[in-house]
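Novice: Input structure: start09.csv, which contains CSV, C-alpha atoms and all ligand atoms.
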chain,number,residue,atom,x,y,z
A,1,MET,CA,13.0,-24.2,-13.1
A,2,CYS,CA,16.4,-22.7,-13.0
A,3,GLY,CA,17.9,-19.7,-14.8
A,4,GLY,CA,21.4,-18.4,-15.4
A,5,ASP,CA,23.6,-16.4,-17.7
A,6,TYR,CA,25.4,-19.5,-19.1
A,7,VAL,CA,24.1,-22.9,-20.1
A,8,GLY,CA,27.0,-24.4,-18.2
A,9,MET,CA,25.8,-22.7,-15.0
A,10,ILE,CA,22.3,-24.2,-15.5
A,11,ARG,CA,23.8,-27.7,-16.1
A,12,GLN,CA,25.8,-27.3,-12.9
A,13,THR,CA,22.6,-26.4,-11.0
A,14,GLU,CA,20.9,-29.4,-12.5
A,15,ILE,CA,23.7,-31.7,-11.2
A,16,ILE,CA,23.5,-30.2,-7.7
A,17,ILE,CA,19.8,-30.7,-7.6
A,18,ARG,CA,20.2,-34.3,-8.9
A,19,THR,CA,22.5,-35.1,-6.1
A,20,LYS,CA,19.7,-34.2,-3.7
A,21,ILE,CA,16.9,-36.1,-5.3
A,22,ASP,CA,18.5,-39.1,-6.9
A,23,ASP,CA,16.8,-39.8,-10.2
A,24,GLY,CA,13.5,-37.9,-9.9
A,25,LEU,CA,14.5,-35.0,-12.2
A,26,ARG,CA,14.6,-34.7,-15.9
A,27,LEU,CA,15.7,-31.6,-17.9
A,28,ALA,CA,12.6,-30.8,-20.0
A,29,PHE,CA,13.9,-28.0,-22.1
A,30,VAL,CA,16.3,-25.1,-22.2
A,31,ILE,CA,15.3,-21.6,-23.4
A,32,ASN,CA,18.2,-19.6,-24.8
A,33,ARG,CA,18.0,-15.9,-24.5
A,34,GLY,CA,19.9,-15.1,-27.7
A,35,ALA,CA,22.1,-12.0,-27.7
A,36,ARG,CA,21.4,-10.3,-24.3
A,37,ILE,CA,20.9,-6.9,-22.9
A,38,ARG,CA,21.8,-6.4,-19.3
A,39,GLY,CA,20.3,-4.3,-16.5
A,40,ARG,CA,17.4,-2.9,-18.6
A,41,GLU,CA,14.5,-4.3,-20.6
A,42,HIS,CA,14.2,-3.5,-24.3
A,43,PHE,CA,12.2,-0.2,-24.0
A,44,GLY,CA,15.3,1.0,-22.1
A,45,PHE,CA,14.1,1.0,-18.4
A,46,LYS,CA,15.7,-0.7,-15.4
A,47,ASP,CA,13.4,-3.5,-14.2
A,48,GLY,CA,13.1,-5.2,-10.8
A,49,SER,CA,13.3,-2.2,-8.6
A,50,SER,CA,10.1,-3.0,-6.8
A,51,GLN,CA,9.7,-6.4,-5.1
A,52,PRO,CA,7.4,-7.2,-2.2
A,53,SER,CA,9.2,-7.3,1.1
A,54,VAL,CA,8.4,-10.7,2.6
A,55,ASP,CA,7.5,-10.5,6.3
A,56,GLY,CA,10.0,-12.3,8.5
A,57,VAL,CA,12.4,-12.8,5.6
A,58,ASP,CA,13.4,-9.4,4.2
A,59,PRO,CA,14.4,-6.3,6.1
A,60,THR,CA,11.5,-4.3,7.6
A,61,PRO,CA,10.3,-1.8,4.9
A,62,GLY,CA,11.4,1.8,5.5
A,63,PRO,CA,9.1,4.9,5.6
A,64,ASN,CA,6.8,5.1,2.5
A,65,GLU,CA,7.8,1.7,1.3
A,66,PRO,CA,4.9,-0.7,0.8
A,67,ALA,CA,4.3,-2.8,4.0
A,68,ALA,CA,5.8,-6.3,4.3
A,69,VAL,CA,3.7,-9.1,2.8
A,70,ALA,CA,2.9,-12.3,4.5
A,71,ILE,CA,5.0,-15.3,3.2
A,72,GLY,CA,1.8,-17.2,2.6
A,73,GLU,CA,1.0,-14.9,-0.3
A,74,PHE,CA,3.9,-16.5,-2.2
A,75,VAL,CA,4.6,-19.9,-0.6
A,76,LEU,CA,1.9,-22.5,0.1
A,77,GLY,CA,1.1,-23.7,3.6
A,78,TYR,CA,1.9,-20.5,5.5
A,79,GLN,CA,-0.2,-17.7,7.0
A,80,ASP,CA,-1.5,-15.3,4.3
A,81,GLY,CA,-2.4,-11.6,4.3
A,82,THR,CA,-5.7,-12.3,6.0
A,83,GLY,CA,-4.1,-14.2,8.9
A,84,ASN,CA,-5.4,-17.5,7.5
A,85,THR,CA,-3.1,-20.5,7.2
A,86,PRO,CA,-4.5,-22.8,4.4
A,87,VAL,CA,-4.2,-26.5,4.9
A,88,VAL,CA,-2.3,-28.1,2.0
A,89,GLY,CA,-1.0,-31.6,1.5
A,90,ASP,CA,2.7,-32.3,2.0
A,91,LEU,CA,3.5,-32.3,-1.7
A,92,TRP,CA,2.1,-28.8,-2.0
A,93,MET,CA,3.7,-27.5,1.2
A,94,ASP,CA,6.5,-25.0,0.6
A,95,GLY,CA,5.7,-24.8,-3.1
A,96,SER,CA,4.7,-21.8,-5.2
A,97,PHE,CA,2.9,-21.2,-8.5
A,98,ALA,CA,5.0,-19.6,-11.3
A,99,VAL,CA,3.3,-17.6,-14.0
A,100,TYR,CA,5.3,-17.6,-17.2
A,101,ARG,CA,4.7,-15.3,-20.2
A,102,ARG,CA,7.0,-14.8,-23.2
A,103,LEU,CA,6.3,-11.2,-24.0
A,104,VAL,CA,7.6,-10.0,-27.4
A,105,GLN,CA,8.2,-6.2,-27.3
A,106,ASN,CA,7.6,-3.9,-30.2
A,107,VAL,CA,10.4,-1.4,-29.6
A,108,ILE,CA,9.8,0.7,-32.7
A,109,ALA,CA,6.1,1.1,-31.6
A,110,PHE,CA,7.3,2.3,-28.1
A,111,ARG,CA,9.6,4.8,-29.7
A,112,GLU,CA,6.8,6.1,-32.0
A,113,GLN,CA,4.5,6.4,-29.0
A,114,VAL,CA,7.1,8.4,-27.1
A,115,ALA,CA,8.0,10.6,-30.2
A,116,ALA,CA,4.3,11.4,-30.8
A,117,GLY,CA,4.2,13.1,-27.4
A,118,ILE,CA,0.9,14.0,-25.7
A,119,PRO,CA,-1.0,16.4,-27.9
A,120,GLY,CA,-2.6,19.2,-26.0
A,121,SER,CA,-0.4,18.7,-22.9
A,122,ASP,CA,0.3,22.0,-21.2
A,123,PRO,CA,3.2,22.3,-20.6
A,124,ALA,CA,4.1,20.1,-23.5
A,125,LEU,CA,6.2,17.1,-22.4
A,126,PRO,CA,9.6,16.3,-23.9
A,127,ALA,CA,9.9,12.8,-25.4
A,128,GLY,CA,12.0,11.5,-22.4
A,129,THR,CA,9.3,12.6,-20.0
A,130,VAL,CA,6.6,11.0,-22.0
A,131,GLY,CA,8.4,7.6,-21.7
A,132,ALA,CA,8.8,8.1,-18.0
A,133,LYS,CA,5.0,9.0,-17.7
A,134,LEU,CA,4.1,5.7,-19.5
A,135,VAL,CA,6.3,3.6,-17.2
A,136,GLY,CA,6.1,5.6,-13.9
A,137,ARG,CA,9.9,5.5,-13.5
A,138,TRP,CA,12.8,7.1,-15.5
A,139,PRO,CA,15.1,4.8,-17.5
A,140,SER,CA,17.5,4.6,-14.5
A,141,GLY,CA,14.6,3.2,-12.4
A,142,ALA,CA,14.2,6.4,-10.4
A,143,PRO,CA,10.5,6.8,-9.6
A,144,LEU,CA,8.7,9.9,-11.0
A,145,GLU,CA,7.0,10.3,-7.7
A,146,LEU,CA,10.4,11.2,-6.1
A,147,ASN,CA,12.0,12.8,-9.1
A,148,PRO,CA,9.2,14.6,-11.0
A,149,ALA,CA,11.4,16.9,-13.1
A,150,ALA,CA,14.3,14.8,-14.5
A,151,ASP,CA,16.1,11.5,-14.4
A,152,PRO,CA,18.7,11.8,-11.5
A,153,GLY,CA,20.7,8.8,-13.0
A,154,GLU,CA,21.7,5.5,-11.7
A,155,GLY,CA,21.4,4.6,-8.0
A,156,HIS,CA,18.0,6.3,-7.3
A,157,ASP,CA,15.7,3.4,-8.0
A,158,SER,CA,14.0,3.8,-4.7
A,159,ASN,CA,10.8,2.0,-3.7
A,160,ALA,CA,10.0,4.5,-0.9
A,161,PHE,CA,7.0,6.3,-2.3
A,162,MET,CA,3.2,6.3,-2.2
A,163,TYR,CA,0.6,8.1,-4.3
A,164,LYS,CA,-2.1,9.4,-2.0
A,165,GLU,CA,-0.2,9.9,1.2
A,166,ALA,CA,0.0,13.6,2.2
A,167,SER,CA,3.7,14.1,1.4
A,168,PHE,CA,3.1,12.9,-2.1
A,169,ASN,CA,-0.5,14.1,-2.5
A,170,ASP,CA,-0.8,12.5,-6.0
A,171,ASP,CA,-4.1,10.7,-5.9
A,172,GLU,CA,-5.1,12.4,-9.1
A,173,GLY,CA,-1.9,11.3,-10.9
A,174,LEU,CA,-0.4,14.7,-11.7
A,175,THR,CA,3.1,13.4,-11.1
A,176,THR,CA,2.8,9.7,-11.8
A,177,PRO,CA,-0.2,9.2,-14.2
A,178,ARG,CA,-2.8,6.7,-13.0
A,179,PHE,CA,-2.3,4.9,-16.4
A,180,ALA,CA,1.5,4.5,-15.8
A,181,HIS,CA,2.6,0.8,-15.8
A,182,ILE,CA,3.9,0.7,-12.3
A,183,ARG,CA,0.8,2.4,-10.9
A,184,LYS,CA,-1.6,0.1,-12.8
A,185,VAL,CA,0.0,-3.0,-11.5
A,186,ASN,CA,0.5,-1.8,-8.0
A,187,PRO,CA,-1.7,1.2,-7.1
A,188,ARG,CA,-0.1,1.3,-3.6
A,189,ASP,CA,-2.3,3.6,-1.5
A,190,GLU,CA,-4.2,5.3,-4.3
A,191,THR,CA,-8.0,5.5,-4.0
A,192,THR,CA,-9.4,2.6,-6.0
A,193,PRO,CA,-13.0,2.2,-7.2
A,194,ASP,CA,-13.5,-0.8,-4.9
A,195,PRO,CA,-11.5,-0.1,-1.7
A,196,VAL,CA,-12.9,-3.2,0.0
A,197,ASN,CA,-12.0,-5.7,-2.8
A,198,ASP,CA,-9.0,-4.1,-4.6
A,199,GLN,CA,-6.6,-4.7,-1.7
A,200,PRO,CA,-3.3,-3.9,-3.5
A,201,GLN,CA,-1.3,-5.7,-0.9
A,202,ARG,CA,-3.1,-9.0,-1.7
A,203,ARG,CA,-2.2,-8.7,-5.4
A,204,ARG,CA,1.6,-8.6,-5.0
A,205,MET,CA,3.9,-10.9,-7.0
A,206,ILE,CA,7.6,-11.8,-6.8
A,207,ARG,CA,8.8,-11.0,-10.3
A,208,ARG,CA,11.7,-11.9,-12.4
A,209,GLY,CA,12.0,-10.3,-15.9
A,210,ILE,CA,14.6,-11.9,-18.2
A,211,PRO,CA,15.2,-10.1,-21.5
A,212,PHE,CA,15.7,-12.1,-24.6
A,213,GLY,CA,16.8,-11.1,-28.1
A,214,PRO,CA,19.3,-8.5,-29.3
A,215,ALA,CA,18.9,-4.8,-28.4
A,216,LEU,CA,17.5,-2.6,-31.2
A,217,PRO,CA,20.1,0.0,-31.9
A,218,ALA,CA,19.2,3.4,-30.5
A,219,ASP,CA,19.3,5.0,-34.0
A,220,ALA,CA,17.1,2.3,-35.7
A,221,THR,CA,14.0,3.8,-37.4
A,222,ALA,CA,12.5,0.5,-38.5
A,223,ASP,CA,12.3,-3.0,-37.0
A,224,ASP,CA,15.2,-5.3,-37.9
A,225,GLY,CA,13.1,-8.5,-37.9
A,226,HIS,CA,14.7,-9.9,-34.7
A,227,GLU,CA,12.3,-11.0,-32.0
A,228,ARG,CA,13.1,-9.4,-28.7
A,229,GLY,CA,11.2,-9.2,-25.4
A,230,LEU,CA,10.9,-10.3,-21.8
A,231,HIS,CA,10.5,-13.7,-20.2
A,232,PHE,CA,8.1,-12.6,-17.5
A,233,LEU,CA,8.0,-14.8,-14.4
A,234,ALA,CA,5.8,-14.1,-11.3
A,235,PHE,CA,5.7,-16.3,-8.2
A,236,VAL,CA,2.4,-16.3,-6.3
A,237,ALA,CA,0.3,-18.5,-4.0
A,238,ASP,CA,-2.9,-17.8,-5.9
A,239,VAL,CA,-2.7,-17.2,-9.7
A,240,ALA,CA,-6.3,-16.0,-10.0
A,241,ARG,CA,-6.3,-13.6,-7.0
A,242,GLN,CA,-2.8,-12.2,-7.8
A,243,PHE,CA,-1.6,-12.3,-11.4
A,244,GLU,CA,-5.0,-12.7,-13.2
A,245,PHE,CA,-6.7,-10.0,-11.1
A,246,VAL,CA,-4.0,-7.5,-11.8
A,247,GLN,CA,-4.0,-8.3,-15.5
A,248,ARG,CA,-7.8,-8.2,-15.9
A,249,GLN,CA,-9.1,-5.7,-13.4
A,250,TRP,CA,-6.3,-3.2,-13.5
A,251,LEU,CA,-3.7,-3.5,-16.3
A,252,ASN,CA,-6.0,-4.1,-19.2
A,253,ASN,CA,-8.9,-2.2,-17.8
A,254,ALA,CA,-9.3,1.3,-19.2
A,255,ASN,CA,-11.7,2.2,-16.4
A,256,PHE,CA,-9.3,1.5,-13.5
A,257,PRO,CA,-9.0,3.5,-11.3
A,258,SER,CA,-11.4,6.2,-12.6
A,259,GLY,CA,-14.3,3.8,-13.3
A,260,GLN,CA,-17.2,2.5,-11.2
A,261,VAL,CA,-17.9,-0.8,-9.6
A,262,ILE,CA,-20.7,-2.4,-11.5
A,263,GLY,CA,-21.0,-5.7,-9.6
A,264,PRO,CA,-19.1,-8.4,-7.6
A,265,ASN,CA,-16.2,-9.8,-9.7
A,266,GLN,CA,-17.1,-7.6,-12.7
A,267,PRO,CA,-14.6,-5.4,-14.5
A,268,TYR,CA,-15.1,-1.8,-13.5
A,269,GLY,CA,-17.6,0.2,-15.7
A,270,PRO,CA,-16.9,3.6,-17.3
A,271,PRO,CA,-16.3,6.6,-15.0
A,272,GLN,CA,-19.0,9.2,-14.4
A,273,SER,CA,-19.9,11.0,-17.7
A,274,GLY,CA,-17.5,13.9,-18.5
A,275,THR,CA,-14.5,12.2,-17.0
A,276,PRO,CA,-12.2,10.4,-19.5
A,277,ALA,CA,-11.2,7.0,-18.3
A,278,ASP,CA,-7.6,6.6,-17.3
A,279,GLY,CA,-7.1,4.1,-20.0
A,280,PRO,CA,-5.2,0.8,-20.2
A,281,ASP,CA,-1.6,0.2,-19.2
A,282,PRO,CA,0.3,1.6,-22.2
A,283,ILE,CA,3.3,-0.7,-21.7
A,284,ALA,CA,1.8,-4.1,-21.0
A,285,GLY,CA,-1.9,-3.7,-21.6
A,286,GLU,CA,-4.1,-5.4,-24.2
A,287,HIS,CA,-6.3,-2.9,-25.8
A,288,ASP,CA,-8.4,-1.9,-28.9
A,289,ALA,CA,-6.9,0.1,-31.8
A,290,ASN,CA,-8.7,3.3,-30.7
A,291,ALA,CA,-7.7,3.1,-27.0
A,292,GLN,CA,-6.7,6.3,-25.2
A,293,ASP,CA,-4.9,7.2,-21.9
A,294,ALA,CA,-5.7,10.4,-20.0
A,295,LEU,CA,-2.9,12.6,-18.7
A,296,HIS,CA,-3.9,14.8,-15.8
A,297,GLN,CA,-2.1,18.1,-15.5
A,298,PRO,CA,-3.1,21.2,-13.5
A,299,SER,CA,-4.0,22.7,-17.0
A,300,GLY,CA,-6.6,20.0,-17.6
A,301,VAL,CA,-7.1,16.4,-18.6
A,302,HIS,CA,-5.5,15.5,-22.0
A,303,ALA,CA,-6.5,12.2,-23.6
A,304,PHE,CA,-4.2,10.8,-26.2
A,305,GLY,CA,-4.3,7.8,-28.5
A,306,LEU,CA,-2.2,4.6,-28.0
A,307,ILE,CA,-0.7,3.8,-31.3
A,308,SER,CA,-0.7,0.0,-30.9
A,309,GLU,CA,-0.2,-2.7,-28.3
A,310,LEU,CA,3.5,-2.7,-27.4
A,311,ILE,CA,3.7,-6.3,-26.4
A,312,ASN,CA,2.5,-9.6,-27.8
A,313,VAL,CA,2.2,-12.8,-25.7
A,314,SER,CA,3.9,-15.5,-27.8
A,315,ALA,CA,3.9,-18.2,-25.1
A,316,GLY,CA,2.8,-18.7,-21.6
A,317,GLU,CA,2.0,-21.3,-19.0
A,318,TYR,CA,1.3,-21.7,-15.3
A,319,PHE,CA,3.6,-24.0,-13.4
A,320,PHE,CA,3.7,-25.4,-9.9
A,321,CYS,CA,7.1,-25.3,-8.3
A,322,PRO,CA,7.2,-28.0,-5.6
A,323,SER,CA,9.7,-27.8,-2.8
A,324,ILE,CA,12.9,-30.0,-3.0
A,325,ARG,CA,11.4,-32.2,-0.2
A,326,ALA,CA,8.3,-32.7,-2.3
A,327,ILE,CA,10.3,-33.6,-5.4
A,328,GLN,CA,12.2,-36.1,-3.3
A,329,ARG,CA,8.9,-37.6,-2.2
A,330,LEU,CA,7.6,-37.6,-5.7
A,331,ALA,CA,10.7,-39.4,-6.9
A,332,SER,CA,10.0,-42.1,-4.3
A,333,GLY,CA,6.5,-42.6,-5.7
A,334,ALA,CA,4.3,-40.4,-3.4
A,335,THR,CA,1.0,-39.1,-4.8
A,336,ALA,CA,-0.5,-35.7,-4.1
A,337,SER,CA,-3.1,-35.0,-1.4
A,338,VAL,CA,-5.2,-32.0,-0.3
A,339,ALA,CA,-4.7,-29.6,-3.2
A,340,PRO,CA,-4.6,-25.9,-2.3
A,341,SER,CA,-7.7,-23.9,-3.3
A,342,ALA,CA,-5.5,-21.7,-5.5
A,343,ALA,CA,-4.8,-24.7,-7.8
A,344,GLN,CA,-8.5,-25.0,-8.5
A,345,GLY,CA,-9.0,-21.3,-9.2
A,346,GLY,CA,-9.8,-18.7,-6.6
A,347,GLN,CA,-12.6,-16.2,-6.2
A,348,ASP,CA,-11.4,-13.9,-9.0
A,349,SER,CA,-10.8,-16.8,-11.5
A,350,THR,CA,-10.6,-15.8,-15.1
A,351,THR,CA,-8.2,-16.1,-18.0
A,352,GLY,CA,-5.8,-13.1,-18.2
B,401,LIG,C1,7.2,-6.6,-21.7
B,401,LIG,C2,6.3,-6.3,-20.8
B,401,LIG,C3,6.7,-5.5,-19.5
B,401,LIG,C4,7.7,-4.6,-19.3
B,401,LIG,C5,8.7,-4.0,-20.4
B,401,LIG,C6,7.7,-4.2,-17.9
B,401,LIG,C7,8.5,-3.3,-17.4
B,401,LIG,C8,8.5,-2.9,-16.1
B,401,LIG,C9,9.4,-1.8,-15.5
B,401,LIG,C10,10.4,-1.0,-16.3
B,401,LIG,C11,9.0,-1.7,-14.2
B,401,LIG,C12,9.7,-0.7,-13.2
B,401,LIG,C13,10.7,-1.4,-12.3
B,401,LIG,C14,10.1,-1.9,-11.0
B,401,LIG,O1,9.3,-1.2,-10.4
B,401,LIG,O2,10.5,-3.0,-10.6
B,401,LIG,C15,8.0,-2.7,-13.9
B,401,LIG,C16,7.4,-2.9,-12.7
B,401,LIG,C17,6.4,-3.8,-12.5
B,401,LIG,N1,5.8,-4.6,-13.4
B,401,LIG,FE1,6.2,-4.7,-15.3
B,401,LIG,N2,6.7,-4.9,-17.3
B,401,LIG,C18,6.1,-5.7,-18.2
B,401,LIG,C19,5.0,-6.6,-18.0
B,401,LIG,C20,4.4,-6.8,-16.8
B,401,LIG,C21,3.3,-7.6,-16.6
B,401,LIG,C22,2.6,-8.5,-17.6
B,401,LIG,C23,3.0,-7.5,-15.2
B,401,LIG,C24,1.9,-8.2,-14.5
B,401,LIG,C25,0.7,-8.6,-14.9
B,401,LIG,C26,3.9,-6.6,-14.6
B,401,LIG,C27,4.0,-6.3,-13.3
B,401,LIG,C28,4.8,-5.4,-12.7
B,401,LIG,C29,4.8,-5.1,-11.3
B,401,LIG,C30,3.9,-5.7,-10.2
B,401,LIG,C31,5.8,-4.1,-11.2
B,401,LIG,C32,6.2,-3.4,-9.8
B,401,LIG,C33,5.3,-2.1,-9.6
B,401,LIG,C34,5.5,-1.6,-8.2
B,401,LIG,O3,5.5,-2.3,-7.2
B,401,LIG,O4,5.6,-0.3,-8.1
B,401,LIG,N3,4.8,-6.2,-15.6
B,401,LIG,N4,7.7,-3.4,-15.1
In structure tokens, how does this file's structure come out?
Ligand code: HEM
Specialist:
Amino acid sequence: MCGGDYVGMIRQTEIIIRTKIDDGLRLAFVINRGARIRGREHFGFKDGSSQPSVDGVDPTPGPNEPAAVAIGEFVLGYQDGTGNTPVVGDLWMDGSFAVYRRLVQNVIAFREQVAAGIPGSDPALPAGTVGAKLVGRWPSGAPLELNPAADPGEGHDSNAFMYKEASFNDDEGLTTPRFAHIRKVNPRDETTPDPVNDQPQRRRMIRRGIPFGPALPADATADDGHERGLHFLAFVADVARQFEFVQRQWLNNANFPSGQVIGPNQPYGPPQSGTPADGPDPIAGEHDANAQDALHQPSGVHAFGLISELINVSAGEYFFCPSIRAIQRLASGATASVAPSAAQGGQDSTTG
């Protein structure tokens, strides 16, 4: 799988790879992005600010940045986050699983959700702040946790923040709501309903978001009929434990993190009576028509309706990305041996 801004660049890459593996490669298909937007996804936010720091590869994380993640969480055949080094056959070694989702974004619905505000919020939130509360970062990428009042502009898309840690003291989500997209998909150090099994550091993914389709003009009040969205790619060593768990247990789950554990490998049940559930991820969650998120403010908890799902999955697939050495061996007729357990579905296996 190779990506680039120009078809010519991709063809060039194909030629380079071909020289390494003789005739074992065939170009299966090319996906054109259409008219492009740069630097931001279609709802208007900078993407890609938070990536796992890979132990031994990336610089050591600074204060309040999530700890480095073992390389075996992303690449097969290496020590993982538990210290275990899985035995995999040589065609799997150095490979990685890629999750692909073609996510069509409903930009008008996002703008309507933001314009609707959060009824009952006290103080009332301006539209720009509502958008930031839904995502957990401002459009520039600056995190709410470090910039609670306003967007400081470009160059502040730091990853050096936690939620529960004393200097942030935001376990309740007064600054970054617990339903915010970035908090649902990476709760960092927040208290989760199942601290033993949630293990946020074992759910990390190396992500690439590639926008497709033309931008909807800022003053548009109706959809223009063009499809636009995000080619979502995540590289992991275990699709079930990482991507599917995040999608099922956290992102789509209205009861995370305020809910209760109802059994091993079960989605969390509703929270104690009287406490509204945090609600699903308003950006990327699948939910019912009457779904609600709950904004916590010092003035109280304000539940508000989600107008509609903002994304629609129009295509998706799981891929295995072998190493170049494995492709060379495949080209010479080798057959696979000793599959990784991830390929057969891990402990949290389910469809996302
Ligand atoms: C069209 C749909 C989506 C949009 C518009 C979107 C947008 C964003 C944005 C703006 C950020 C903040 C930038 C950053 O922290 O890197 C972000 C972060 C992230 N997103 Fe998404 N996203 C989408 C779908 C998904 C899905 C389906 C998943 C996983 C199931 C996901 C996982 C993540 C993760 C893990 C982070 C980093 C959070 C952190 O470490 O703090 N996203 N996304």
Novice: So, counting all atoms listed in the file, which residue among A:Asp170, A:Leu91, A:Ile31, A:Gly56 is closest to A:Ala331?
Specialist: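 Distance minimum relative to A:Ala331 lands on A:Leu91.
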Novice: Please tabulate, as CSV, the residues of chain A that come within 7 Å of ligand LIG 401 (chain B), each with its closest pair of atoms and the distance in Å to one decimal, counting only C-alpha atoms and all ligand atoms and ordering rows by chain, then residue number upward.
Specialist:
residue,atom,partner,partner_atom,distance
A:Glu41,CA,B:LIG401,C5,5.8
A:His42,CA,B:LIG401,C5,6.8
A:Phe43,CA,B:LIG401,C5,6.3
A:Phe45,CA,B:LIG401,C10,4.7
A:Lys46,CA,B:LIG401,C10,5.4
A:Asp47,CA,B:LIG401,C13,3.9
A:Gly48,CA,B:LIG401,O2,3.4
A:Ser49,CA,B:LIG401,O2,3.5
A:Ser50,CA,B:LIG401,O2,3.8
A:Gln51,CA,B:LIG401,O3,6.2
A:Leu103,CA,B:LIG401,C1,5.2
A:Val104,CA,B:LIG401,C1,6.6
A:Gln105,CA,B:LIG401,C1,5.7
A:Val135,CA,B:LIG401,C10,6.2
A:Arg137,CA,B:LIG401,C12,6.2
A:Gly141,CA,B:LIG401,C13,6.0
A:His181,CA,B:LIG401,FE1,6.6
A:Ile182,CA,B:LIG401,C33,4.1
A:Arg183,CA,B:LIG401,O4,6.2
A:Val185,CA,B:LIG401,C30,4.9
A:Asn186,CA,B:LIG401,C34,5.0
A:Arg204,CA,B:LIG401,C30,6.4
A:Met205,CA,B:LIG401,C30,6.1
A:Gly229,CA,B:LIG401,C1,6.0
A:Leu230,CA,B:LIG401,C1,5.2
A:Phe232,CA,B:LIG401,C19,6.8
A:Phe243,CA,B:LIG401,C25,5.6
A:Val246,CA,B:LIG401,C25,5.7
A:Gln247,CA,B:LIG401,C25,4.7
A:Leu251,CA,B:LIG401,C25,6.9
A:Ile283,CA,B:LIG401,C3,6.3
A:Ala284,CA,B:LIG401,C2,5.0
A:Ile311,CA,B:LIG401,C1,5.9
Novice: With distances taken over all atoms listed in the file, which residue among A:Leu146, A:Ala124, A:Ile118, A:Leu76 lies nearest A:Ser96?
Specialist: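 Smallest separation from A:Ser96 among the options: A:Leu76.
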Novice: Name the closest residue to A:Gly39 among the candidates A:Thr221, A:Thr85, A:Ser140, A:Asn147; distances are taken between atoms, counting all atoms listed in the file.
Specialist: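 Ranking A:Thr221, A:Thr85, A:Ser140, A:Asn147 by distance to A:Gly39, first place goes to A:Ser140.
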Novice: Which residues are near A:Ala70? Cut-off 6 Å, all atoms listed in the file, ignore same chain within fewer than 2 positions. Put them as a ChimeraX atom specification.
Specialist: /A:55,72-73,80-81
Novice: Need the shell around A:Asp151: protein/DNA/RNA residues with any atom at most 12 Å away, counting only C-alpha atoms. Skip same-chain ones fewer than 3 positions apart. Format as a short mmCIF file (atom, residue, chain, number, x, y, z; two decimals) with C-alpha atoms, keeping the file's coordinate frame?
Specialist:
data_model
loop_
_atom_site.label_atom_id
_atom_site.label_comp_id
_atom_site.auth_asym_id
_atom_site.auth_seq_id
_atom_site.Cartn_x
_atom_site.Cartn_y
_atom_site.Cartn_z
CA PHE A 45 14.10 1.00 -18.40
CA GLY A 128 12.00 11.50 -22.40
CA THR A 129 9.30 12.60 -20.00
CA GLY A 131 8.40 7.60 -21.70
CA ALA A 132 8.80 8.10 -18.00
CA LYS A 133 5.00 9.00 -17.70
CA GLY A 136 6.10 5.60 -13.90
CA ARG A 137 9.90 5.50 -13.50
CA TRP A 138 12.80 7.10 -15.50
CA PRO A 139 15.10 4.80 -17.50
CA SER A 140 17.50 4.60 -14.50
CA GLY A 141 14.60 3.20 -12.40
CA ALA A 142 14.20 6.40 -10.40
CA PRO A 143 10.50 6.80 -9.60
CA LEU A 144 8.70 9.90 -11.00
CA GLU A 145 7.00 10.30 -7.70
CA LEU A 146 10.40 11.20 -6.10
CA ASN A 147 12.00 12.80 -9.10
CA PRO A 148 9.20 14.60 -11.00
CA GLU A 154 21.70 5.50 -11.70
CA GLY A 155 21.40 4.60 -8.00
CA HIS A 156 18.00 6.30 -7.30
CA ASP A 157 15.70 3.40 -8.00
#
Novice: Select, from A:Asn32, A:Asn312, A:Ser167, A:Asn253, the residue with the minimum atom-to-atom distance to A:Pro63, counting all atoms listed in the file.
Specialist: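 That would be A:Ser167, the residue with the smallest distance to A:Pro63.
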Novice: Could you tell me how far atom CA of A:Ala109 sits from atom CA of A:Leu310, in Å to one decimal place?
Specialist: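 According to the coordinates, atom CA of A:Leu310 and atom CA of A:Ala109 are separated by 6.2 Å.
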Novice: Which is closer to A:Gln113 than all the others in A:Leu134, A:Ala68, A:Leu125, A:Ala220, using all atoms listed in the file?
Specialist: A:Leu134
Novice: Give me the residues near A:Ala28 as a list of chain:residue names, where near means some atom within 12 Å (using only C-alpha atoms) and where sequence neighbours in that chain fewer than 4 positions away do not count.
Specialist: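 Counting only the stated atoms, we get A:Met1, A:Cys2, A:Glu14.
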Novice: Hey, which of A:Ala334, A:Ile17, A:Val236, A:Ala222 ends up closest to A:Val75? Count all atoms listed in the file.
Specialist: A:Val236
